[in-house]
$ cat start.cif   # mmCIF, N, CA and C atoms
data_model
loop_
_atom_site.label_atom_id
_atom_site.label_comp_id
_atom_site.auth_asym_id
_atom_site.auth_seq_id
_atom_site.Cartn_x
_atom_site.Cartn_y
_atom_site.Cartn_z
N MET W 206 -8.97 18.88 -4.67
CA MET W 206 -7.52 18.76 -4.65
C MET W 206 -7.16 17.34 -5.09
N ASN W 207 -6.29 17.21 -6.07
CA ASN W 207 -5.92 15.88 -6.52
C ASN W 207 -4.47 15.57 -6.16
N LEU W 208 -4.08 14.36 -6.47
CA LEU W 208 -2.75 13.87 -6.13
C LEU W 208 -1.64 14.74 -6.71
N VAL W 209 -1.79 15.14 -7.96
CA VAL W 209 -0.77 15.96 -8.61
C VAL W 209 -0.63 17.30 -7.90
N THR W 210 -1.73 17.90 -7.51
CA THR W 210 -1.68 19.17 -6.80
C THR W 210 -0.98 19.02 -5.45
N LEU W 211 -1.23 17.91 -4.77
CA LEU W 211 -0.64 17.71 -3.45
C LEU W 211 0.88 17.59 -3.49
N ASN W 212 1.40 16.92 -4.48
CA ASN W 212 2.82 16.64 -4.56
C ASN W 212 3.31 16.80 -5.99
N GLU W 213 3.12 17.95 -6.56
CA GLU W 213 3.39 18.10 -7.99
C GLU W 213 4.84 17.89 -8.40
N HIS W 214 5.77 18.03 -7.48
CA HIS W 214 7.18 17.86 -7.83
C HIS W 214 7.75 16.52 -7.38
N LEU W 215 6.89 15.63 -6.87
CA LEU W 215 7.36 14.35 -6.36
C LEU W 215 7.27 13.27 -7.42
N ASP W 216 8.34 12.53 -7.60
CA ASP W 216 8.36 11.38 -8.50
C ASP W 216 8.03 10.15 -7.66
N TYR W 217 6.75 9.81 -7.60
CA TYR W 217 6.30 8.69 -6.79
C TYR W 217 7.00 7.39 -7.15
N GLN W 218 7.17 7.14 -8.45
CA GLN W 218 7.77 5.88 -8.88
C GLN W 218 9.20 5.74 -8.34
N SER W 219 9.99 6.78 -8.46
CA SER W 219 11.37 6.73 -7.95
C SER W 219 11.39 6.57 -6.43
N ALA W 220 10.51 7.29 -5.74
CA ALA W 220 10.45 7.20 -4.28
C ALA W 220 10.06 5.79 -3.85
N LEU W 221 9.12 5.19 -4.58
CA LEU W 221 8.68 3.84 -4.26
C LEU W 221 9.77 2.80 -4.54
N ASP W 222 10.43 2.93 -5.69
CA ASP W 222 11.53 2.02 -6.02
C ASP W 222 12.62 2.08 -4.95
N LYS W 223 12.98 3.28 -4.55
CA LYS W 223 14.05 3.47 -3.55
C LYS W 223 13.65 2.86 -2.21
N LEU W 224 12.43 3.12 -1.77
CA LEU W 224 11.98 2.58 -0.48
C LEU W 224 11.97 1.05 -0.52
N ARG W 225 11.47 0.45 -1.59
CA ARG W 225 11.42 -1.01 -1.71
C ARG W 225 12.82 -1.61 -1.60
N ILE W 226 13.76 -1.03 -2.30
CA ILE W 226 15.13 -1.54 -2.29
C ILE W 226 15.81 -1.29 -0.94
N ASP W 227 15.67 -0.07 -0.42
CA ASP W 227 16.30 0.29 0.86
C ASP W 227 15.79 -0.57 2.02
N GLU W 228 14.50 -0.89 2.00
CA GLU W 228 13.90 -1.65 3.11
C GLU W 228 13.91 -3.16 2.85
N ASP W 229 14.43 -3.58 1.69
CA ASP W 229 14.59 -5.00 1.34
C ASP W 229 13.25 -5.74 1.21
N PHE W 230 12.36 -5.20 0.39
CA PHE W 230 11.09 -5.86 0.09
C PHE W 230 11.07 -6.31 -1.37
N ASP W 231 10.27 -7.33 -1.65
CA ASP W 231 10.13 -7.83 -3.02
C ASP W 231 9.16 -6.98 -3.84
N PHE W 232 8.16 -6.40 -3.17
CA PHE W 232 7.11 -5.65 -3.85
C PHE W 232 6.77 -4.41 -3.04
N ALA W 233 6.42 -3.36 -3.76
CA ALA W 233 5.90 -2.15 -3.11
C ALA W 233 4.83 -1.56 -4.02
N GLY W 234 3.80 -1.00 -3.41
CA GLY W 234 2.74 -0.38 -4.20
C GLY W 234 2.12 0.78 -3.46
N LEU W 235 1.63 1.74 -4.24
CA LEU W 235 0.90 2.89 -3.70
C LEU W 235 -0.50 2.87 -4.29
N ALA W 236 -1.50 2.81 -3.42
CA ALA W 236 -2.90 2.84 -3.84
C ALA W 236 -3.51 4.15 -3.39
N PHE W 237 -4.30 4.75 -4.27
CA PHE W 237 -4.99 6.00 -3.98
C PHE W 237 -6.41 5.93 -4.50
N TYR W 238 -7.26 6.81 -3.98
CA TYR W 238 -8.59 6.96 -4.57
C TYR W 238 -8.41 7.39 -6.02
N GLU W 239 -9.31 6.95 -6.86
CA GLU W 239 -9.22 7.29 -8.28
C GLU W 239 -9.40 8.79 -8.50
N ASN W 240 -10.20 9.43 -7.67
CA ASN W 240 -10.30 10.89 -7.69
C ASN W 240 -10.40 11.36 -6.25
N GLU W 241 -10.63 12.65 -6.04
CA GLU W 241 -10.56 13.19 -4.68
C GLU W 241 -11.71 12.79 -3.77
N LYS W 242 -12.74 12.16 -4.32
CA LYS W 242 -13.88 11.76 -3.49
C LYS W 242 -13.55 10.47 -2.74
N GLN W 243 -13.85 10.46 -1.45
CA GLN W 243 -13.54 9.29 -0.63
C GLN W 243 -14.46 8.11 -0.91
N VAL W 244 -15.41 8.26 -1.79
CA VAL W 244 -16.27 7.13 -2.16
C VAL W 244 -15.85 6.56 -3.52
N SER W 245 -14.86 7.17 -4.14
CA SER W 245 -14.42 6.69 -5.45
C SER W 245 -13.61 5.40 -5.28
N PRO W 246 -13.49 4.62 -6.35
CA PRO W 246 -12.71 3.38 -6.26
C PRO W 246 -11.25 3.64 -5.89
N ILE W 247 -10.65 2.64 -5.30
CA ILE W 247 -9.24 2.69 -4.90
C ILE W 247 -8.47 1.82 -5.89
N LYS W 248 -7.38 2.36 -6.44
CA LYS W 248 -6.59 1.62 -7.40
C LYS W 248 -5.11 1.72 -7.06
N TRP W 249 -4.36 0.74 -7.49
CA TRP W 249 -2.90 0.76 -7.34
C TRP W 249 -2.36 1.63 -8.46
N HIS W 250 -1.80 2.78 -8.13
CA HIS W 250 -1.30 3.73 -9.12
C HIS W 250 0.18 3.55 -9.44
N TYR W 251 0.96 3.17 -8.44
CA TYR W 251 2.40 2.97 -8.62
C TYR W 251 2.79 1.65 -7.98
N VAL W 252 3.61 0.87 -8.67
CA VAL W 252 4.12 -0.37 -8.09
C VAL W 252 5.60 -0.52 -8.43
N SER W 253 6.28 -1.33 -7.65
CA SER W 253 7.70 -1.59 -7.85
C SER W 253 7.94 -3.05 -7.51
N GLY W 254 8.68 -3.75 -8.36
CA GLY W 254 8.95 -5.16 -8.12
C GLY W 254 7.79 -6.06 -8.49
N ASN W 255 6.87 -5.57 -9.32
CA ASN W 255 5.70 -6.36 -9.69
C ASN W 255 6.05 -7.50 -10.65
N LEU W 256 5.27 -8.57 -10.59
CA LEU W 256 5.45 -9.73 -11.45
C LEU W 256 4.75 -9.57 -12.80
N ASN W 257 3.69 -8.77 -12.80
CA ASN W 257 2.86 -8.61 -13.99
C ASN W 257 2.08 -7.30 -13.88
N ASP W 258 1.17 -7.06 -14.80
CA ASP W 258 0.38 -5.83 -14.78
C ASP W 258 -1.06 -6.04 -14.30
N ARG W 259 -1.33 -7.17 -13.68
CA ARG W 259 -2.70 -7.44 -13.21
C ARG W 259 -3.15 -6.45 -12.13
N TYR W 260 -2.21 -5.85 -11.42
CA TYR W 260 -2.58 -4.86 -10.40
C TYR W 260 -3.42 -3.73 -11.00
N LYS W 261 -3.23 -3.45 -12.28
CA LYS W 261 -3.98 -2.38 -12.95
C LYS W 261 -5.47 -2.68 -13.03
N LEU W 262 -5.84 -3.95 -12.95
CA LEU W 262 -7.24 -4.36 -13.04
C LEU W 262 -7.94 -4.37 -11.69
N ILE W 263 -7.19 -4.25 -10.61
CA ILE W 263 -7.77 -4.31 -9.27
C ILE W 263 -8.44 -2.99 -8.93
N VAL W 264 -9.72 -3.08 -8.59
CA VAL W 264 -10.50 -1.92 -8.18
C VAL W 264 -11.13 -2.26 -6.84
N LEU W 265 -10.84 -1.46 -5.83
CA LEU W 265 -11.34 -1.71 -4.48
C LEU W 265 -12.22 -0.57 -4.00
N ARG W 266 -12.92 -0.83 -2.95
CA ARG W 266 -13.71 0.19 -2.26
C ARG W 266 -13.22 0.29 -0.82
N LYS W 267 -13.49 1.39 -0.20
CA LYS W 267 -13.10 1.60 1.19
C LYS W 267 -13.67 0.47 2.04
N GLY W 268 -12.80 -0.16 2.83
CA GLY W 268 -13.22 -1.25 3.69
C GLY W 268 -13.08 -2.62 3.06
N LYS W 269 -12.73 -2.68 1.78
CA LYS W 269 -12.60 -3.97 1.07
C LYS W 269 -11.15 -4.16 0.62
N GLY W 270 -10.65 -5.36 0.73
CA GLY W 270 -9.28 -5.64 0.33
C GLY W 270 -8.30 -5.01 1.30
N LEU W 271 -7.03 -5.22 1.02
CA LEU W 271 -5.98 -4.73 1.91
C LEU W 271 -5.95 -3.20 1.95
N ALA W 272 -5.85 -2.57 0.79
CA ALA W 272 -5.80 -1.11 0.74
C ALA W 272 -7.09 -0.49 1.29
N GLY W 273 -8.22 -1.04 0.93
CA GLY W 273 -9.50 -0.51 1.39
C GLY W 273 -9.67 -0.60 2.90
N THR W 274 -9.18 -1.69 3.49
CA THR W 274 -9.27 -1.86 4.94
C THR W 274 -8.39 -0.84 5.66
N VAL W 275 -7.18 -0.64 5.17
CA VAL W 275 -6.27 0.33 5.79
C VAL W 275 -6.81 1.75 5.61
N MET W 276 -7.41 2.03 4.46
CA MET W 276 -7.98 3.37 4.26
C MET W 276 -9.16 3.61 5.19
N LYS W 277 -9.91 2.58 5.47
CA LYS W 277 -11.06 2.72 6.37
C LYS W 277 -10.63 2.89 7.81
N THR W 278 -9.66 2.08 8.25
CA THR W 278 -9.27 2.11 9.66
C THR W 278 -8.22 3.18 9.97
N GLY W 279 -7.41 3.54 8.96
CA GLY W 279 -6.34 4.50 9.18
C GLY W 279 -5.19 3.93 9.99
N LYS W 280 -5.15 2.62 10.12
CA LYS W 280 -4.12 1.96 10.92
C LYS W 280 -3.28 1.03 10.06
N ARG W 281 -2.04 0.87 10.46
CA ARG W 281 -1.12 -0.04 9.81
C ARG W 281 -1.66 -1.47 9.92
N MET W 282 -1.51 -2.23 8.85
CA MET W 282 -1.95 -3.63 8.85
C MET W 282 -0.74 -4.49 8.49
N ILE W 283 -0.46 -5.47 9.34
CA ILE W 283 0.69 -6.35 9.12
C ILE W 283 0.20 -7.79 9.00
N ILE W 284 0.62 -8.44 7.94
CA ILE W 284 0.34 -9.86 7.74
C ILE W 284 1.70 -10.54 7.63
N GLU W 285 2.09 -11.22 8.68
CA GLU W 285 3.42 -11.82 8.71
C GLU W 285 3.52 -13.09 7.88
N ASP W 286 2.41 -13.80 7.72
CA ASP W 286 2.41 -15.01 6.92
C ASP W 286 0.98 -15.31 6.47
N VAL W 287 0.70 -15.16 5.19
CA VAL W 287 -0.66 -15.37 4.70
C VAL W 287 -1.12 -16.81 4.89
N ASN W 288 -0.19 -17.73 5.04
CA ASN W 288 -0.55 -19.14 5.21
C ASN W 288 -0.87 -19.50 6.66
N HIS W 289 -0.58 -18.61 7.60
CA HIS W 289 -0.88 -18.89 9.00
C HIS W 289 -1.89 -17.92 9.60
N ASP W 290 -2.05 -16.75 9.00
CA ASP W 290 -3.05 -15.80 9.49
C ASP W 290 -4.43 -16.21 8.95
N ASP W 291 -5.45 -15.55 9.41
CA ASP W 291 -6.81 -15.84 8.95
C ASP W 291 -6.98 -15.57 7.46
N ILE W 292 -6.04 -14.89 6.87
CA ILE W 292 -6.09 -14.52 5.46
C ILE W 292 -6.13 -15.75 4.55
N ILE W 293 -5.53 -16.85 4.97
CA ILE W 293 -5.43 -18.03 4.11
C ILE W 293 -6.80 -18.46 3.57
N PHE W 294 -7.83 -18.28 4.36
CA PHE W 294 -9.17 -18.69 3.94
C PHE W 294 -9.90 -17.60 3.16
N GLU W 295 -9.30 -16.41 3.11
CA GLU W 295 -9.96 -15.29 2.45
C GLU W 295 -9.06 -14.60 1.44
N LYS W 296 -8.09 -15.32 0.88
CA LYS W 296 -7.16 -14.71 -0.08
C LYS W 296 -7.89 -14.05 -1.24
N HIS W 297 -9.02 -14.61 -1.63
CA HIS W 297 -9.79 -14.05 -2.75
C HIS W 297 -10.28 -12.63 -2.47
N LYS W 298 -10.34 -12.25 -1.20
CA LYS W 298 -10.75 -10.89 -0.84
C LYS W 298 -9.59 -9.89 -0.92
N TYR W 299 -8.39 -10.40 -1.17
CA TYR W 299 -7.19 -9.58 -1.24
C TYR W 299 -6.51 -9.83 -2.59
N PRO W 300 -7.04 -9.25 -3.64
CA PRO W 300 -6.52 -9.56 -4.99
C PRO W 300 -5.05 -9.23 -5.20
N ILE W 301 -4.51 -8.26 -4.51
CA ILE W 301 -3.09 -7.93 -4.69
C ILE W 301 -2.21 -9.08 -4.18
N ILE W 302 -2.66 -9.78 -3.14
CA ILE W 302 -1.93 -10.93 -2.63
C ILE W 302 -1.86 -12.02 -3.70
N MET W 303 -2.99 -12.25 -4.34
CA MET W 303 -3.08 -13.29 -5.36
C MET W 303 -2.28 -12.91 -6.61
N SER W 304 -2.48 -11.69 -7.11
CA SER W 304 -1.85 -11.31 -8.38
C SER W 304 -0.33 -11.16 -8.27
N GLU W 305 0.17 -10.81 -7.08
CA GLU W 305 1.61 -10.62 -6.90
C GLU W 305 2.27 -11.73 -6.08
N SER W 306 1.52 -12.78 -5.77
CA SER W 306 2.06 -13.94 -5.02
C SER W 306 2.74 -13.53 -3.72
N LEU W 307 2.10 -12.62 -2.99
CA LEU W 307 2.69 -12.13 -1.74
C LEU W 307 2.41 -13.11 -0.60
N THR W 308 3.38 -13.29 0.25
CA THR W 308 3.23 -14.20 1.39
C THR W 308 3.36 -13.49 2.74
N ALA W 309 3.86 -12.26 2.73
CA ALA W 309 3.95 -11.44 3.95
C ALA W 309 3.91 -9.98 3.51
N MET W 310 3.26 -9.12 4.29
CA MET W 310 3.17 -7.72 3.88
C MET W 310 2.83 -6.80 5.03
N ILE W 311 3.09 -5.54 4.78
CA ILE W 311 2.74 -4.47 5.70
C ILE W 311 2.09 -3.37 4.86
N ALA W 312 0.97 -2.88 5.34
CA ALA W 312 0.25 -1.81 4.65
C ALA W 312 0.18 -0.60 5.58
N ILE W 313 0.60 0.54 5.07
CA ILE W 313 0.73 1.76 5.87
C ILE W 313 -0.18 2.84 5.29
N PRO W 314 -1.05 3.44 6.12
CA PRO W 314 -1.93 4.50 5.62
C PRO W 314 -1.15 5.78 5.33
N LEU W 315 -1.58 6.50 4.31
CA LEU W 315 -0.98 7.78 3.95
C LEU W 315 -1.98 8.88 4.30
N TRP W 316 -1.72 9.56 5.41
CA TRP W 316 -2.61 10.60 5.91
C TRP W 316 -2.24 11.97 5.34
N TYR W 317 -3.26 12.77 5.10
CA TYR W 317 -3.06 14.17 4.75
C TYR W 317 -4.31 14.93 5.18
N GLU W 318 -4.13 15.96 5.98
CA GLU W 318 -5.21 16.81 6.47
C GLU W 318 -6.41 16.03 6.98
N HIS W 319 -6.18 15.18 7.94
CA HIS W 319 -7.21 14.48 8.70
C HIS W 319 -7.94 13.35 7.98
N TYR W 320 -7.45 12.92 6.83
CA TYR W 320 -8.03 11.71 6.28
C TYR W 320 -7.00 10.91 5.50
N VAL W 321 -7.28 9.62 5.36
CA VAL W 321 -6.37 8.73 4.66
C VAL W 321 -6.59 8.90 3.16
N TYR W 322 -5.55 9.29 2.48
CA TYR W 322 -5.60 9.58 1.06
C TYR W 322 -5.11 8.40 0.23
N GLY W 323 -4.29 7.53 0.86
CA GLY W 323 -3.74 6.39 0.13
C GLY W 323 -3.12 5.38 1.06
N VAL W 324 -2.53 4.34 0.44
CA VAL W 324 -1.90 3.26 1.20
C VAL W 324 -0.59 2.87 0.53
N LEU W 325 0.42 2.67 1.35
CA LEU W 325 1.69 2.11 0.91
C LEU W 325 1.70 0.65 1.32
N LEU W 326 1.93 -0.25 0.36
CA LEU W 326 2.03 -1.67 0.64
C LEU W 326 3.44 -2.14 0.34
N LEU W 327 4.03 -2.84 1.30
CA LEU W 327 5.35 -3.45 1.12
C LEU W 327 5.18 -4.93 1.37
N GLY W 328 5.64 -5.76 0.43
CA GLY W 328 5.40 -7.19 0.56
C GLY W 328 6.57 -8.06 0.18
N GLN W 329 6.50 -9.31 0.66
CA GLN W 329 7.50 -10.33 0.39
C GLN W 329 6.83 -11.50 -0.34
N ARG W 330 7.66 -12.25 -1.07
CA ARG W 330 7.20 -13.45 -1.76
C ARG W 330 7.96 -14.66 -1.24
N ASP W 331 7.52 -15.83 -1.67
CA ASP W 331 8.24 -17.09 -1.41
C ASP W 331 8.51 -17.34 0.08
N ASN W 332 7.56 -16.96 0.91
CA ASN W 332 7.66 -17.16 2.37
C ASN W 332 8.84 -16.47 3.02
N LYS W 333 9.39 -15.48 2.33
CA LYS W 333 10.47 -14.65 2.90
C LYS W 333 9.85 -13.81 4.02
N PRO W 334 10.45 -13.79 5.20
CA PRO W 334 9.87 -13.02 6.30
C PRO W 334 10.00 -11.51 6.09
N LEU W 335 9.15 -10.78 6.79
CA LEU W 335 9.27 -9.33 6.79
C LEU W 335 10.61 -8.96 7.43
N PRO W 336 11.23 -7.87 7.00
CA PRO W 336 12.50 -7.45 7.64
C PRO W 336 12.29 -7.26 9.15
N LEU W 337 13.34 -7.50 9.92
CA LEU W 337 13.24 -7.41 11.38
C LEU W 337 12.73 -6.06 11.85
N GLN W 338 13.09 -5.00 11.14
CA GLN W 338 12.71 -3.65 11.55
C GLN W 338 11.39 -3.20 10.90
N HIS W 339 10.54 -4.11 10.45
CA HIS W 339 9.33 -3.70 9.73
C HIS W 339 8.40 -2.81 10.56
N ASN W 340 8.44 -2.94 11.87
CA ASN W 340 7.61 -2.08 12.72
C ASN W 340 8.14 -0.65 12.79
N GLN W 341 9.39 -0.44 12.38
CA GLN W 341 10.00 0.88 12.47
C GLN W 341 10.11 1.58 11.13
N ILE W 342 9.53 1.01 10.08
CA ILE W 342 9.58 1.65 8.77
C ILE W 342 8.85 2.98 8.86
N SER W 343 9.50 4.02 8.40
CA SER W 343 8.92 5.36 8.45
C SER W 343 8.73 5.90 7.04
N ILE W 344 7.62 6.59 6.84
CA ILE W 344 7.39 7.22 5.54
C ILE W 344 7.68 8.73 5.59
N ILE W 345 8.20 9.20 6.71
CA ILE W 345 8.51 10.61 6.85
C ILE W 345 9.49 11.03 5.75
N ASN W 346 9.15 12.07 5.04
CA ASN W 346 9.95 12.64 3.95
C ASN W 346 10.14 11.70 2.76
N LYS W 347 9.32 10.67 2.66
CA LYS W 347 9.45 9.75 1.54
C LYS W 347 8.41 10.02 0.45
N PHE W 348 7.22 10.44 0.84
CA PHE W 348 6.14 10.67 -0.11
C PHE W 348 5.51 12.05 0.09
N GLY W 349 6.37 13.05 0.08
CA GLY W 349 5.90 14.43 0.15
C GLY W 349 5.14 14.74 1.42
N ILE W 350 3.92 15.24 1.26
CA ILE W 350 3.14 15.73 2.39
C ILE W 350 2.46 14.63 3.19
N PHE W 351 2.53 13.39 2.72
CA PHE W 351 1.86 12.30 3.43
C PHE W 351 2.63 11.88 4.67
N LYS W 352 1.88 11.52 5.71
CA LYS W 352 2.47 10.97 6.92
C LYS W 352 1.64 9.77 7.35
N GLU W 353 2.14 9.00 8.31
CA GLU W 353 1.42 7.78 8.68
C GLU W 353 0.22 8.04 9.58
N GLU W 354 0.31 9.01 10.46
CA GLU W 354 -0.81 9.30 11.34
C GLU W 354 -1.10 10.78 11.34
N ASP W 355 -2.36 11.10 11.54
CA ASP W 355 -2.75 12.51 11.55
C ASP W 355 -2.90 13.00 12.96
#

$ encode --input "start.cif" --output "structure tokens"
Amino acid sequence: MNLVTLNEHLDYQSALDKLRIDEDFDFAGLAFYENEKQVSPIKWHYVSGNLNDRYKLIVLRKGKGLAGTVMKTGKRMIIEDVNHDDIIFEKHKYPIIMSESLTAMIAIPLWYEHYVYGVLLLGQRDNKPLPLQHNQISIINKFGIFKEED
């Protein structure tokens, strides 16, 4: 089963653009496995508010990088300030932070039928804080069949 089969009538790009604007973020991205195998590389397939196209070159594995870590744990990951969290010393392990100049972000797992199929990343630049309601952001009815927890 591939991404198109799961949500064949969903316009991911429009949904992502709308969510980024509605929730007041500078950047948004959707990362998925390159194919249906959970050992395949993870890539950023859709982005909104990007500075460049370097995200297309980022290839991650489960457990590596921001998307890979969220896909492995199945839990939301919040980085309120990359300059104060432990991330500052390991920015090179998070290429999306470097390529998009992100300073704060939230990564949300996209669950479908008992496993994490992808990750939604919402980020800020220029030391802009996460929106006050960042803990209440919901993906219900935003990306088709995906939900945050299984």

$ residues_near_point --input "start.cif" --point "(8.7, -5.6, -4.0)" --cutoff "6.5 Å" --atoms "only N, CA and C atoms" --output "CSV table (one decimal) with N, CA and C atoms, keeping the file's coordinate frame"
chain,number,residue,atom,x,y,z
W,225,ARG,N,11.5,0.4,-1.6
W,225,ARG,CA,11.4,-1.0,-1.7
W,225,ARG,C,12.8,-1.6,-1.6
W,230,PHE,N,12.4,-5.2,0.4
W,230,PHE,CA,11.1,-5.9,0.1
W,230,PHE,C,11.1,-6.3,-1.4
W,231,ASP,N,10.3,-7.3,-1.6
W,231,ASP,CA,10.1,-7.8,-3.0
W,231,ASP,C,9.2,-7.0,-3.8
W,232,PHE,N,8.2,-6.4,-3.2
W,232,PHE,CA,7.1,-5.6,-3.8
W,232,PHE,C,6.8,-4.4,-3.0
W,233,ALA,N,6.4,-3.4,-3.8
W,233,ALA,CA,5.9,-2.2,-3.1
W,233,ALA,C,4.8,-1.6,-4.0
W,253,SER,N,6.3,-1.3,-7.6
W,253,SER,CA,7.7,-1.6,-7.8
W,253,SER,C,7.9,-3.0,-7.5
W,254,GLY,N,8.7,-3.8,-8.4
W,254,GLY,CA,9.0,-5.2,-8.1
W,254,GLY,C,7.8,-6.1,-8.5
W,255,ASN,N,6.9,-5.6,-9.3
W,255,ASN,CA,5.7,-6.4,-9.7
W,255,ASN,C,6.0,-7.5,-10.6
W,327,LEU,N,4.0,-2.8,1.3
W,327,LEU,CA,5.4,-3.4,1.1
W,327,LEU,C,5.2,-4.9,1.4
W,328,GLY,N,5.6,-5.8,0.4
W,328,GLY,CA,5.4,-7.2,0.6
W,328,GLY,C,6.6,-8.1,0.2
W,329,GLN,N,6.5,-9.3,0.7
W,329,GLN,CA,7.5,-10.3,0.4
W,329,GLN,C,6.8,-11.5,-0.3

$ residues_around --input "start.cif" --residues "segment 330-334 of chain W" --least-positions-apart "2" --cutoff "5 Å" --atoms "all atoms listed in the file" --output "PyMOL selection string"
chain W and resi 306-308+328+336

$ write_last_selection --input "start.cif" --atoms "N, CA and C atoms" --output "compact mmCIF listing (two decimals), in the frame of the given file"
# COMPACT_ATOMS: atom_id res chain seq x y z
N SER W 306 1.52 -12.78 -5.77
CA SER W 306 2.06 -13.94 -5.02
C SER W 306 2.74 -13.53 -3.72
N LEU W 307 2.10 -12.62 -2.99
CA LEU W 307 2.69 -12.13 -1.74
C LEU W 307 2.41 -13.11 -0.60
N THR W 308 3.38 -13.29 0.25
CA THR W 308 3.23 -14.20 1.39
C THR W 308 3.36 -13.49 2.74
N GLY W 328 5.64 -5.76 0.43
CA GLY W 328 5.40 -7.19 0.56
C GLY W 328 6.57 -8.06 0.18
N PRO W 336 11.23 -7.87 7.00
CA PRO W 336 12.50 -7.45 7.64
C PRO W 336 12.29 -7.26 9.15

$ select_by_dssp --input "start.cif" --residues "segment 224-337 of chain W" --states "helix (DSSP H, G or I)" --output "PyMOL selection string"
chain W and resi 224-227+259-262+270-278+291-298+300-305

$ atom_distance --input "start.cif" --atom1 "atom CA of Ser245 of chain W" --atom2 "atom CA of Tyr320 of chain W"
14.3 Å

$ resolve_selection --input "start.cif" --expression "the PyMOL selection byres ((chain W and resi 349) around 8)" --output "ChimeraX atom specification"
/W:211-212,215-216,344-348,350-352

$ residues_around --input "start.cif" --residues "segment 322-325 of chain W" --least-positions-apart "4" --cutoff "6 Å" --atoms "only C-alpha atoms" --output "list of chain:residue names"
W:Gly234, W:Leu235, W:Ala236, W:Phe237, W:Ala272, W:Ala312, W:Ile313, W:Pro314, W:Leu315, W:Trp316

$ residues_near_point --input "start.cif" --point "(-8.9, -1.8, -8.4)" --cutoff "6.5 Å" --atoms "all atoms listed in the file" --output "PyMOL selection string"
chain W and resi 246-249+260-265

$ resolve_selection --input "start.cif" --expression "the PyMOL selection byres (((chain W and resi 287 and name CA) around 9) and name CA)" --output "MDAnalysis selection string"
chainID W and resid 284:286 288:293 296 302 307:310 332

$ atom_distance --input "start.cif" --atom1 "atom CA of Leu256 of chain W" --atom2 "atom CA of Glu305 of chain W"
6.0 Å

$ resolve_selection --input "start.cif" --expression "the PyMOL selection byres ((chain W and resi 279) around 8)" --output "MDAnalysis selection string"
chainID W and resid 273:278 280:282 313:316 320:321 353:355

$ select_by_dssp --input "start.cif" --residues "segment 210-332 of chain W" --states "strand (DSSP E)" --output "VMD selection string"
chain W and resid 232 to 238 247 to 253 282 to 284 307 to 317 320 to 330

$ atom_distance --input "start.cif" --atom1 "atom N of Ser304 of chain W" --atom2 "atom CA of Gly270 of chain W"
11.8 Å
